[in-house]
file start_3.csv (CSV, C-alpha atoms and all ligand atoms)
chain,number,residue,atom,x,y,z
L,1405,MET,CA,-20.6,-1.5,-16.5
L,1406,GLY,CA,-17.2,-2.4,-15.2
L,1407,GLY,CA,-15.4,-3.1,-18.4
L,1408,GLU,CA,-14.5,0.3,-19.6
L,1409,LEU,CA,-10.9,0.8,-20.5
L,1410,MET,CA,-8.9,3.2,-18.5
L,1411,SER,CA,-7.5,5.5,-21.0
L,1412,LEU,CA,-4.5,7.8,-21.0
L,1413,ASP,CA,-6.6,10.3,-22.9
L,1414,GLY,CA,-9.4,10.5,-20.4
L,1415,PRO,CA,-12.7,8.8,-19.6
L,1416,LYS,CA,-14.2,6.6,-22.3
L,1417,SER,CA,-17.7,6.7,-21.0
L,1418,ALA,CA,-19.9,9.1,-19.0
L,1419,GLY,CA,-20.2,8.5,-15.3
L,1420,LYS,CA,-16.8,7.0,-14.9
L,1421,VAL,CA,-13.9,8.5,-13.0
L,1422,LYS,CA,-11.7,10.8,-15.0
L,1423,HIS,CA,-8.5,9.1,-15.6
L,1424,LYS,CA,-5.9,11.8,-16.1
L,1425,ARG,CA,-2.6,11.6,-17.8
L,1426,TRP,CA,0.3,10.9,-15.5
L,1427,PHE,CA,1.9,14.3,-15.8
L,1428,ASP,CA,-1.4,16.0,-14.9
L,1429,LEU,CA,-1.6,13.7,-11.9
L,1430,LYS,CA,1.9,14.6,-10.8
L,1431,GLN,CA,0.9,18.2,-11.0
L,1432,PHE,CA,-2.1,17.4,-8.9
L,1433,LEU,CA,-0.1,15.4,-6.4
L,1434,PHE,CA,2.3,18.2,-6.0
L,1435,GLY,CA,-0.5,20.7,-5.5
L,1436,ILE,CA,-2.8,18.9,-3.1
L,1437,GLY,CA,-0.8,18.8,0.1
L,1438,GLY,CA,-0.9,22.5,0.5
L,1439,ASN,CA,1.4,23.0,3.5
L,1440,GLY,CA,5.0,22.2,3.0
L,1441,ALA,CA,7.7,23.0,5.5
L,1442,ASN,CA,6.5,26.6,5.8
L,1443,GLY,CA,2.8,25.7,5.6
L,1444,SER,CA,2.4,27.4,2.2
L,1445,GLY,CA,2.7,24.7,-0.4
L,1446,PRO,CA,5.6,22.8,-1.8
L,1447,ASP,CA,8.8,23.8,-0.2
L,1448,GLY,CA,12.1,24.6,-2.0
L,1449,GLU,CA,12.8,20.9,-2.6
L,1450,GLY,CA,9.3,20.2,-4.0
L,1451,ARG,CA,8.1,18.7,-0.8
L,1452,VAL,CA,4.5,18.7,0.2
L,1453,ALA,CA,2.9,17.5,3.4
L,1454,LEU,CA,-0.4,16.2,4.7
L,1455,PRO,CA,-1.9,18.5,7.3
L,1456,ALA,CA,-0.4,17.8,10.7
L,1457,GLY,CA,-3.6,16.3,12.1
L,1458,LEU,CA,-3.6,13.7,9.4
L,1459,ARG,CA,0.0,12.8,9.6
L,1460,PRO,CA,0.9,10.0,9.2
L,1461,ALA,CA,-1.8,8.2,7.3
L,1462,VAL,CA,-1.1,4.6,8.2
L,1463,ILE,CA,-2.4,2.2,5.5
L,1464,THR,CA,-2.0,-1.6,5.3
L,1465,THR,CA,-2.9,-3.8,2.4
L,1466,MET,CA,-4.7,-6.9,3.4
L,1467,ASN,CA,-6.1,-10.0,1.8
L,1468,GLN,CA,-5.2,-13.5,2.8
L,1469,LYS,CA,-5.1,-14.5,-0.8
L,1470,GLY,CA,-1.5,-14.6,-2.1
L,1471,GLY,CA,-0.7,-13.1,-5.4
L,1472,CYS,CA,-3.6,-10.5,-5.5
L,1473,GLY,CA,-1.3,-7.5,-5.7
L,1474,LYS,CA,-0.7,-6.5,-2.1
L,1475,THR,CA,3.0,-6.0,-2.4
L,1476,THR,CA,2.8,-4.5,-5.9
L,1477,THR,CA,0.3,-2.0,-4.6
L,1478,VAL,CA,2.4,-1.0,-1.6
L,1479,VAL,CA,5.6,-0.6,-3.7
L,1480,ASN,CA,4.0,1.5,-6.4
L,1481,LEU,CA,1.5,3.5,-4.5
L,1482,SER,CA,4.2,4.5,-2.0
L,1483,ALA,CA,6.6,5.4,-4.9
L,1484,ALA,CA,3.9,7.5,-6.6
L,1485,LEU,CA,3.2,9.4,-3.4
L,1486,ALA,CA,6.9,9.9,-2.8
L,1487,LYS,CA,7.4,11.2,-6.4
L,1488,GLY,CA,4.6,13.6,-5.6
L,1489,GLY,CA,6.7,15.1,-2.8
L,1490,TYR,CA,5.3,13.2,0.2
L,1491,ARG,CA,7.5,11.5,2.8
L,1492,VAL,CA,6.6,7.8,2.8
L,1493,LEU,CA,7.7,4.8,4.8
L,1494,VAL,CA,7.2,1.2,3.8
L,1495,VAL,CA,7.2,-1.3,6.6
L,1496,ASP,CA,7.8,-4.8,5.3
L,1497,MET,CA,6.0,-7.2,7.6
L,1498,ASP,CA,6.2,-10.2,5.2
L,1499,PRO,CA,9.1,-12.5,5.9
L,1500,GLN,CA,9.4,-13.1,2.1
L,1501,ALA,CA,10.6,-9.5,1.9
L,1502,HIS,CA,9.2,-8.9,-1.6
L,1503,ALA,CA,8.4,-5.2,-0.9
L,1504,SER,CA,12.0,-4.6,0.4
L,1505,LEU,CA,13.4,-6.3,-2.7
L,1506,GLY,CA,11.0,-4.5,-5.0
L,1507,LEU,CA,12.2,-1.2,-3.7
L,1508,GLY,CA,15.8,-2.1,-4.3
L,1509,VAL,CA,16.9,-2.8,-0.7
L,1510,ARG,CA,19.8,-5.3,-0.6
L,1511,LEU,CA,19.1,-7.9,2.1
L,1512,GLU,CA,22.4,-8.5,3.7
L,1513,ALA,CA,22.5,-11.1,6.5
L,1514,PHE,CA,24.5,-8.8,8.8
L,1515,ARG,CA,22.1,-5.9,8.6
L,1516,ARG,CA,19.4,-5.6,11.1
L,1517,SER,CA,15.8,-5.8,10.0
L,1518,ILE,CA,12.2,-5.1,11.2
L,1519,TYR,CA,12.7,-8.3,13.3
L,1520,GLU,CA,15.2,-6.6,15.6
L,1521,PHE,CA,13.3,-3.3,15.4
L,1522,LEU,CA,10.3,-5.1,16.9
L,1523,LEU,CA,12.0,-7.3,19.4
L,1524,ASP,CA,15.3,-5.9,20.4
L,1525,ASP,CA,15.1,-2.7,22.6
L,1526,ASP,CA,18.7,-1.8,21.6
L,1527,THR,CA,17.9,-1.5,17.9
L,1528,THR,CA,16.8,1.9,16.8
L,1529,PHE,CA,14.8,3.1,13.8
L,1530,GLY,CA,18.1,4.5,12.3
L,1531,ASP,CA,19.8,1.0,12.6
L,1532,VAL,CA,17.1,-0.5,10.4
L,1533,MET,CA,15.7,2.1,8.1
L,1534,ARG,CA,17.0,2.3,4.5
L,1535,SER,CA,16.5,5.0,2.0
L,1536,THR,CA,15.5,4.1,-1.6
L,1537,SER,CA,16.5,5.6,-4.9
L,1538,ILE,CA,13.3,7.6,-4.8
L,1539,ARG,CA,13.6,10.7,-2.7
L,1540,GLY,CA,11.3,10.7,0.3
L,1541,LEU,CA,10.7,7.0,0.2
L,1542,ASP,CA,12.2,4.9,3.1
L,1543,VAL,CA,11.9,1.2,4.0
L,1544,LEU,CA,12.0,-0.9,7.1
L,1545,PRO,CA,13.1,-4.1,5.5
L,1546,SER,CA,12.0,-7.6,6.4
L,1547,ALA,CA,14.0,-10.7,6.7
L,1548,MET,CA,13.3,-14.4,6.7
L,1549,LYS,CA,13.7,-14.7,10.4
L,1550,LEU,CA,10.7,-12.4,10.8
L,1551,SER,CA,8.6,-15.6,10.6
L,1552,GLU,CA,10.1,-16.5,14.0
L,1553,ALA,CA,8.9,-13.2,15.4
L,1554,GLN,CA,5.4,-14.7,15.7
L,1555,LEU,CA,6.3,-16.9,18.6
L,1556,GLU,CA,8.3,-14.2,20.3
L,1557,LEU,CA,5.6,-11.6,19.9
L,1558,ALA,CA,3.1,-14.1,21.5
L,1559,ASN,CA,5.4,-14.2,24.5
L,1560,ILE,CA,5.6,-10.5,25.2
L,1561,PRO,CA,2.9,-8.4,26.9
L,1562,ARG,CA,0.7,-6.7,24.3
L,1563,GLY,CA,2.6,-8.3,21.4
L,1564,GLU,CA,-0.1,-7.3,19.0
L,1565,SER,CA,0.8,-3.7,19.3
L,1566,ALA,CA,4.6,-4.0,19.1
L,1567,LEU,CA,4.8,-2.2,15.7
L,1568,LYS,CA,2.6,0.6,17.0
L,1569,ARG,CA,4.9,1.1,20.0
L,1570,ALA,CA,8.1,0.8,18.0
L,1571,LEU,CA,7.1,3.5,15.4
L,1572,LYS,CA,5.6,6.0,17.8
L,1573,ALA,CA,8.8,8.2,18.1
L,1574,VAL,CA,9.4,8.5,14.4
L,1575,GLU,CA,6.0,8.2,12.7
L,1576,HIS,CA,5.4,12.0,12.5
L,1577,ASP,CA,8.3,12.3,10.2
L,1578,TYR,CA,6.2,10.7,7.5
L,1579,ASP,CA,3.0,11.6,5.6
L,1580,PHE,CA,2.2,8.0,4.7
L,1581,ILE,CA,3.2,4.7,6.3
L,1582,PHE,CA,2.4,1.6,4.3
L,1583,VAL,CA,2.5,-1.8,6.0
L,1584,ASP,CA,2.9,-4.8,3.6
L,1585,CYS,CA,1.5,-8.0,5.1
L,1586,PRO,CA,2.0,-11.7,4.5
L,1587,PRO,CA,-1.0,-13.5,2.9
L,1588,THR,CA,-2.1,-15.1,6.2
L,1589,LEU,CA,-3.9,-13.8,9.3
L,1590,ASN,CA,-1.3,-14.1,12.0
L,1591,LEU,CA,0.3,-12.0,14.7
L,1592,LEU,CA,2.3,-10.0,12.1
L,1593,THR,CA,-0.8,-9.2,10.2
L,1594,LEU,CA,-2.6,-8.3,13.5
L,1595,ASN,CA,0.2,-5.9,14.4
L,1596,ALA,CA,-0.4,-4.1,11.0
L,1597,LEU,CA,-4.2,-3.9,11.7
L,1598,VAL,CA,-3.7,-2.7,15.3
L,1599,TYR,CA,-1.3,0.0,14.0
L,1600,ALA,CA,-3.1,1.1,10.8
L,1601,GLY,CA,-5.8,3.7,10.4
L,1602,LYS,CA,-6.9,2.3,7.1
L,1603,VAL,CA,-7.0,-0.9,5.2
L,1604,LEU,CA,-6.6,-1.1,1.4
L,1605,ILE,CA,-8.0,-4.4,0.0
L,1606,PRO,CA,-6.6,-5.5,-3.3
L,1607,VAL,CA,-8.9,-8.0,-5.1
L,1608,GLN,CA,-7.9,-9.9,-8.2
L,1609,THR,CA,-10.6,-9.7,-10.9
L,1610,HIS,CA,-10.6,-13.5,-11.1
L,1611,TYR,CA,-13.3,-16.0,-10.5
L,1612,TYR,CA,-12.3,-16.8,-6.9
L,1613,ALA,CA,-11.7,-13.2,-5.9
L,1614,LEU,CA,-14.5,-13.0,-3.4
L,1615,GLU,CA,-13.5,-16.2,-1.6
L,1616,GLY,CA,-12.2,-15.2,1.8
L,1617,MET,CA,-13.5,-11.7,1.7
L,1618,LYS,CA,-16.2,-12.4,4.3
L,1619,GLU,CA,-13.5,-13.7,6.7
L,1620,LEU,CA,-11.4,-10.6,6.0
L,1621,PHE,CA,-14.2,-8.3,6.9
L,1622,ARG,CA,-14.9,-10.3,10.0
L,1623,THR,CA,-11.3,-10.0,11.0
L,1624,ILE,CA,-11.3,-6.3,10.4
L,1625,GLU,CA,-14.4,-5.9,12.5
L,1626,ALA,CA,-13.0,-8.0,15.3
L,1627,VAL,CA,-9.8,-5.9,15.4
L,1628,ARG,CA,-11.9,-2.8,15.4
L,1629,LYS,CA,-13.9,-4.0,18.4
L,1630,ARG,CA,-11.1,-5.3,20.4
L,1631,PHE,CA,-8.0,-3.3,19.6
L,1632,ASN,CA,-8.4,-0.4,17.2
L,1633,PRO,CA,-11.8,1.4,17.1
L,1634,ASN,CA,-10.4,3.8,14.5
L,1635,LEU,CA,-9.7,1.2,11.9
L,1636,GLU,CA,-11.5,1.8,8.6
L,1637,ILE,CA,-11.6,0.4,5.1
L,1638,LEU,CA,-9.9,2.8,2.8
L,1639,GLY,CA,-11.2,1.0,-0.3
L,1640,ILE,CA,-11.2,-2.1,-2.3
L,1641,LEU,CA,-8.9,-2.1,-5.3
L,1642,ALA,CA,-9.5,-4.3,-8.4
L,1643,THR,CA,-6.1,-5.7,-9.6
L,1644,LEU,CA,-4.7,-7.8,-12.4
L,1645,PHE,CA,-7.6,-6.6,-14.6
L,1646,ASP,CA,-7.6,-7.6,-18.2
L,1647,GLN,CA,-10.5,-6.2,-20.2
L,1648,ARG,CA,-10.0,-8.8,-22.9
L,1649,VAL,CA,-11.1,-11.5,-20.5
L,1650,THR,CA,-14.9,-11.7,-20.2
L,1651,ILE,CA,-14.8,-13.1,-16.7
L,1652,ALA,CA,-12.6,-10.3,-15.5
L,1653,VAL,CA,-15.0,-7.7,-16.9
L,1654,ASP,CA,-17.9,-9.6,-15.3
L,1655,MET,CA,-16.0,-9.8,-12.0
L,1656,LEU,CA,-15.3,-6.1,-12.0
L,1657,GLY,CA,-19.0,-5.4,-12.7
L,1658,ALA,CA,-20.0,-7.7,-9.8
L,1659,LEU,CA,-17.4,-6.1,-7.5
L,1660,ARG,CA,-18.7,-2.6,-8.3
L,1661,ASP,CA,-22.3,-3.7,-7.9
L,1662,HIS,CA,-21.6,-5.4,-4.5
L,1663,PHE,CA,-19.2,-2.9,-2.9
L,1664,LYS,CA,-20.4,0.2,-4.6
L,1665,ARG,CA,-18.5,3.3,-3.3
L,1666,GLN,CA,-16.1,1.2,-1.3
L,1667,MET,CA,-14.4,0.3,-4.6
L,1668,PHE,CA,-11.7,2.6,-5.9
L,1669,GLU,CA,-12.6,3.9,-9.4
L,1670,THR,CA,-9.0,3.2,-10.4
L,1671,VAL,CA,-8.4,-0.3,-11.6
L,1672,ILE,CA,-4.9,-1.9,-11.8
L,1673,HIS,CA,-4.6,-3.5,-15.2
L,1674,THR,CA,-2.5,-6.6,-15.9
L,1675,ASN,CA,0.7,-5.3,-17.3
L,1676,VAL,CA,4.0,-7.0,-18.1
L,1677,LYS,CA,5.9,-4.0,-16.7
L,1678,LEU,CA,4.6,-5.0,-13.2
L,1679,ILE,CA,6.3,-8.4,-13.7
L,1680,GLU,CA,9.6,-6.9,-15.0
L,1681,ALA,CA,10.0,-4.1,-12.5
L,1682,PRO,CA,10.4,-6.3,-9.4
L,1683,MET,CA,12.9,-8.4,-11.2
L,1684,LEU,CA,15.0,-5.2,-11.7
L,1685,ARG,CA,14.3,-4.2,-8.1
L,1686,GLU,CA,12.5,-1.0,-9.0
L,1687,PRO,CA,9.0,0.3,-8.7
L,1688,VAL,CA,7.3,0.7,-12.1
L,1689,ILE,CA,7.0,4.4,-11.3
L,1690,SER,CA,10.7,4.7,-11.9
L,1691,TYR,CA,11.3,1.6,-14.1
L,1692,ALA,CA,8.7,2.6,-16.7
L,1693,PRO,CA,7.4,6.1,-15.6
L,1694,ARG,CA,5.4,6.7,-18.7
L,1695,SER,CA,3.8,3.2,-18.9
L,1696,SER,CA,0.1,2.7,-18.4
L,1697,ALA,CA,1.0,0.7,-15.3
L,1698,ALA,CA,2.7,3.8,-13.7
L,1699,ASN,CA,-0.4,5.7,-14.8
L,1700,ASP,CA,-2.7,3.3,-12.9
L,1701,PHE,CA,-0.7,3.9,-9.7
L,1702,TYR,CA,-0.7,7.7,-10.1
L,1703,CYS,CA,-4.5,7.5,-10.5
L,1704,LEU,CA,-4.7,5.4,-7.3
L,1705,ALA,CA,-2.4,7.8,-5.5
L,1706,THR,CA,-4.7,10.6,-6.4
L,1707,GLU,CA,-7.7,8.7,-5.1
L,1708,VAL,CA,-5.9,7.7,-1.9
L,1709,LEU,CA,-4.8,11.3,-1.3
L,1710,ASP,CA,-8.3,12.5,-1.9
L,1711,ALA,CA,-9.8,9.9,0.5
L,1712,VAL,CA,-7.2,10.6,3.2
L,1713,THR,CA,-7.5,14.4,3.0
L,1714,LYS,CA,-11.3,14.4,2.9
L,1715,GLY,CA,-11.4,11.8,5.6
L,1716,VAL,CA,-13.9,9.7,3.7
L,1717,GLY,CA,-13.6,6.6,1.5
L,1718,PRO,CA,-13.2,6.6,-2.3
E,1801,LIG,N1,-1.2,-5.7,-12.4
E,1801,LIG,C1,-0.3,-6.7,-12.6
E,1801,LIG,N2,0.1,-7.1,-13.8
E,1801,LIG,C2,1.0,-8.1,-14.0
E,1801,LIG,N3,1.6,-8.7,-12.9
E,1801,LIG,C3,1.2,-8.4,-11.7
E,1801,LIG,C4,0.3,-7.3,-11.4
E,1801,LIG,N4,0.2,-7.2,-10.1
E,1801,LIG,C5,1.0,-8.1,-9.6
E,1801,LIG,N5,1.6,-8.8,-10.5
E,1801,LIG,C6,2.6,-9.9,-10.3
E,1801,LIG,O1,1.9,-11.0,-9.6
E,1801,LIG,C7,2.7,-11.5,-8.6
E,1801,LIG,C8,2.0,-11.4,-7.3
E,1801,LIG,O2,1.9,-10.0,-6.9
E,1801,LIG,P1,2.1,-9.4,-5.5
E,1801,LIG,O3,1.9,-8.0,-5.5
E,1801,LIG,O4,3.4,-9.9,-5.0
E,1801,LIG,O5,0.9,-10.1,-4.7
E,1801,LIG,P2,0.8,-10.4,-3.1
E,1801,LIG,O6,1.6,-9.4,-2.4
E,1801,LIG,O7,-0.7,-10.1,-2.9
E,1801,LIG,O8,1.1,-11.8,-2.9
E,1801,LIG,C9,4.1,-10.8,-8.7
E,1801,LIG,O9,5.0,-11.5,-9.4
E,1801,LIG,C10,3.7,-9.5,-9.4
E,1801,LIG,O10,4.8,-9.0,-10.1
E,1802,MG,MG,3.1,-9.8,-0.9

call {"tool": "encode", "arguments": {"input": "start_3.csv", "output": "structure tokens"}}
result
Amino acid sequence: MGGELMSLDGPKSAGKVKHKRWFDLKQFLFGIGGNGANGSGPDGEGRVALPAGLRPAVITTMNQKGGCGKTTTVVNLSAALAKGGYRVLVVDMDPQAHASLGLGVRLEAFRRSIYEFLLDDDTTFGDVMRSTSIRGLDVLPSAMKLSEAQLELANIPRGESALKRALKAVEHDYDFIFVDCPPTLNLLTLNALVYAGKVLIPVQTHYYALEGMKELFRTIEAVRKRFNPNLEILGILATLFDQRVTIAVDMLGALRDHFKRQMFETVIHTNVKLIEAPMLREPVISYAPRSSAANDFYCLATEVLDAVTKGVGP
């Protein structure tokens, strides 16, 4: 079942999601928000907004497996939504700073980062936030020393909700806030889970994909019980999918059988443009806007918008 090709020309088989062409999707993205600045659709600058009660939708990508597409998803999903007219903030909670770099932020040692934003009361949002080349898309960049924040967060009262506290004053300026996490379950990851409303789980369509998933679900459940009763799973996203590889097709089928409607219909295919784009410090959405990789992320953006605005999973 799971091996159908996503096509730029529409669905290849009955019963599968309709994959639209990217420009149709852009149209859709512009249209769906419904209440811009004046509450009546996109404003003069092509802005749209989530309804006030849903703003901001805080989404974190989570999977303790490295290299499964967490950062690629944050960078390109946020870019697709910003291109659609939404205001989007990316919070880079990974000391490796790949999301910051992939969005074109220059990491200069003298500039303050999320580290200071979390731990230094004198550092304001404005001191740290950087705009990107995509209008409406901002970043709170990471830095290597964020790895030291773990210890310091452990020593302050309610260190697990430092991110939530720090963003409270500015969060309503954004429709979407994406938090990119390191591939480990630690105090930085816990901060993301305590703050987020929803978790997006990228899963590589490789043989060992399901390894660690049980632990991940247990962690989410534990956070829900102890810290954040509103936390829900937005969806599971199959990534790095290559339909020429039998095991990948089988894996996707198995994932769909197992997780059913928790799976996004959209699949992120393996695509060389997604390797090139970060090297050039750009999302694929702007580096190769007509590529099938960009199309995959517009499809995902549509599904995410749908899920967020309907308040239900994909
Ligand atoms: N769909 C894809 N096709 C090709 N390369 C990809 C794809 N998704 C991610 N990559 C590459 O794989 C590597 C790991 O992806 P990344 O998003 O950084 O994973 P994570 O954040 O989970 O560690 C990166 O070099 C990225 O460019
Ligand atoms: Mg990453």

call {"tool": "closest_residue", "arguments": {"input": "start_3.csv", "among": "L:Tyr1490, L:Val1495, L:Cys1472, L:Asp1584", "to": "L:Gln1608", "atoms": "only C-alpha atoms"}}
result
L:Cys1472

call {"tool": "atom_distance", "arguments": {"input": "start_3.csv", "atom1": "atom CA of L:Val1543", "atom2": "atom CA of L:Val1583"}}
result
10.1 Å

call {"tool": "closest_residue", "arguments": {"input": "start_3.csv", "among": "L:Cys1585, L:Leu1635, L:Leu1594, L:Ile1518", "to": "L:Gln1468", "atoms": "all atoms listed in the file"}}
result
L:Cys1585

call {"tool": "atom_distance", "arguments": {"input": "start_3.csv", "atom1": "atom CA of L:Val1598", "atom2": "atom CA of L:Glu1615"}}
result
23.7 Å

call {"tool": "closest_residue", "arguments": {"input": "start_3.csv", "among": "L:Gly1450, L:Gly1506, L:Gly1657, L:Pro1633", "to": "L:Ala1600", "atoms": "all atoms listed in the file"}}
result
L:Pro1633

call {"tool": "atom_distance", "arguments": {"input": "start_3.csv", "atom1": "atom CA of L:Leu1571", "atom2": "atom CA of L:Leu1493"}}
result
10.7 Å

call {"tool": "residues_near_ligand", "arguments": {"input": "start_3.csv", "ligand": "ligand LIG 1801 (chain E)", "cutoff": "6 Å", "atoms": "only C-alpha atoms and all ligand atoms", "output": "PDB file with C-alpha atoms, in the frame of the given file"}}
result
ATOM      1  CA  GLY L1470      -1.500 -14.600  -2.100  1.00  0.00           C
ATOM      2  CA  GLY L1471      -0.700 -13.100  -5.400  1.00  0.00           C
ATOM      3  CA  CYS L1472      -3.600 -10.500  -5.500  1.00  0.00           C
ATOM      4  CA  GLY L1473      -1.300  -7.500  -5.700  1.00  0.00           C
ATOM      5  CA  LYS L1474      -0.700  -6.500  -2.100  1.00  0.00           C
ATOM      6  CA  THR L1475       3.000  -6.000  -2.400  1.00  0.00           C
ATOM      7  CA  THR L1476       2.800  -4.500  -5.900  1.00  0.00           C
ATOM      8  CA  THR L1643      -6.100  -5.700  -9.600  1.00  0.00           C
ATOM      9  CA  LEU L1644      -4.700  -7.800 -12.400  1.00  0.00           C
ATOM     10  CA  ILE L1672      -4.900  -1.900 -11.800  1.00  0.00           C
ATOM     11  CA  HIS L1673      -4.600  -3.500 -15.200  1.00  0.00           C
ATOM     12  CA  THR L1674      -2.500  -6.600 -15.900  1.00  0.00           C
ATOM     13  CA  ASN L1675       0.700  -5.300 -17.300  1.00  0.00           C
ATOM     14  CA  VAL L1676       4.000  -7.000 -18.100  1.00  0.00           C
ATOM     15  CA  LEU L1678       4.600  -5.000 -13.200  1.00  0.00           C
ATOM     16  CA  ILE L1679       6.300  -8.400 -13.700  1.00  0.00           C
TER      17      ILE L1679
END

call {"tool": "closest_residue", "arguments": {"input": "start_3.csv", "among": "L:Met1497, L:Met1548, L:Leu1709, L:Met1667", "to": "L:Leu1592", "atoms": "all atoms listed in the file"}}
result
L:Met1497

call {"tool": "closest_residue", "arguments": {"input": "start_3.csv", "among": "L:Asn1595, L:Thr1609, L:Gln1666, L:Thr1650", "to": "L:Glu1564", "atoms": "only C-alpha atoms"}}
result
L:Asn1595

call {"tool": "closest_residue", "arguments": {"input": "start_3.csv", "among": "L:Asn1467, L:Asn1480, L:Ser1695, L:Thr1713", "to": "L:Leu1541", "atoms": "all atoms listed in the file"}}
result
L:Asn1480

call {"tool": "residues_around", "arguments": {"input": "start_3.csv", "residues": "L:Phe1514", "least_positions_apart": "3", "cutoff": "12 Å", "atoms": "only C-alpha atoms", "output": "list of chain:residue names"}}
result
L:Arg1510, L:Leu1511, L:Ser1517, L:Glu1520, L:Asp1531, L:Val1532, L:Ala1547

call {"tool": "residues_around", "arguments": {"input": "start_3.csv", "residues": "L:Ile1581", "least_positions_apart": "6", "cutoff": "6 Å", "atoms": "only C-alpha atoms", "output": "PyMOL selection string"}}
result
chain L and resi 1462+1492-1494

call {"tool": "residues_around", "arguments": {"input": "start_3.csv", "residues": "L:Arg1562", "least_positions_apart": "3", "cutoff": "12 Å", "atoms": "all atoms listed in the file", "output": "short mmCIF file (atom, residue, chain, number, x, y, z; two decimals) with C-alpha atoms, in the coordinates of the input"}}
result
data_model
loop_
_atom_site.label_atom_id
_atom_site.label_comp_id
_atom_site.auth_asym_id
_atom_site.auth_seq_id
_atom_site.Cartn_x
_atom_site.Cartn_y
_atom_site.Cartn_z
CA GLU L 1556 8.30 -14.20 20.30
CA LEU L 1557 5.60 -11.60 19.90
CA ALA L 1558 3.10 -14.10 21.50
CA ASN L 1559 5.40 -14.20 24.50
CA SER L 1565 0.80 -3.70 19.30
CA ALA L 1566 4.60 -4.00 19.10
CA LEU L 1567 4.80 -2.20 15.70
CA LYS L 1568 2.60 0.60 17.00
CA ARG L 1569 4.90 1.10 20.00
CA LEU L 1591 0.30 -12.00 14.70
CA LEU L 1594 -2.60 -8.30 13.50
CA ASN L 1595 0.20 -5.90 14.40
CA VAL L 1598 -3.70 -2.70 15.30
CA PHE L 1631 -8.00 -3.30 19.60
#

call {"tool": "residues_around", "arguments": {"input": "start_3.csv", "residues": "L:Ile1689", "least_positions_apart": "5", "cutoff": "7 Å", "atoms": "all atoms listed in the file", "output": "MDAnalysis selection string"}}
result
chainID L and resid 1480 1483:1484 1698

call {"tool": "residues_near_point", "arguments": {"input": "start_3.csv", "point": "(-4.7, -1.1, 6.4)", "cutoff": "8 Å", "atoms": "all atoms listed in the file", "output": "PyMOL selection string"}}
result
chain L and resi 1462-1466+1582-1583+1596-1597+1600-1605+1635-1638

call {"tool": "residues_around", "arguments": {"input": "start_3.csv", "residues": "L:Ile1538", "least_positions_apart": "4", "cutoff": "9 Å", "atoms": "all atoms listed in the file", "output": "list in words"}}
result
Ala1483, Ala1486, Lys1487, Leu1507, Asp1542 and Ser1690 of chain L
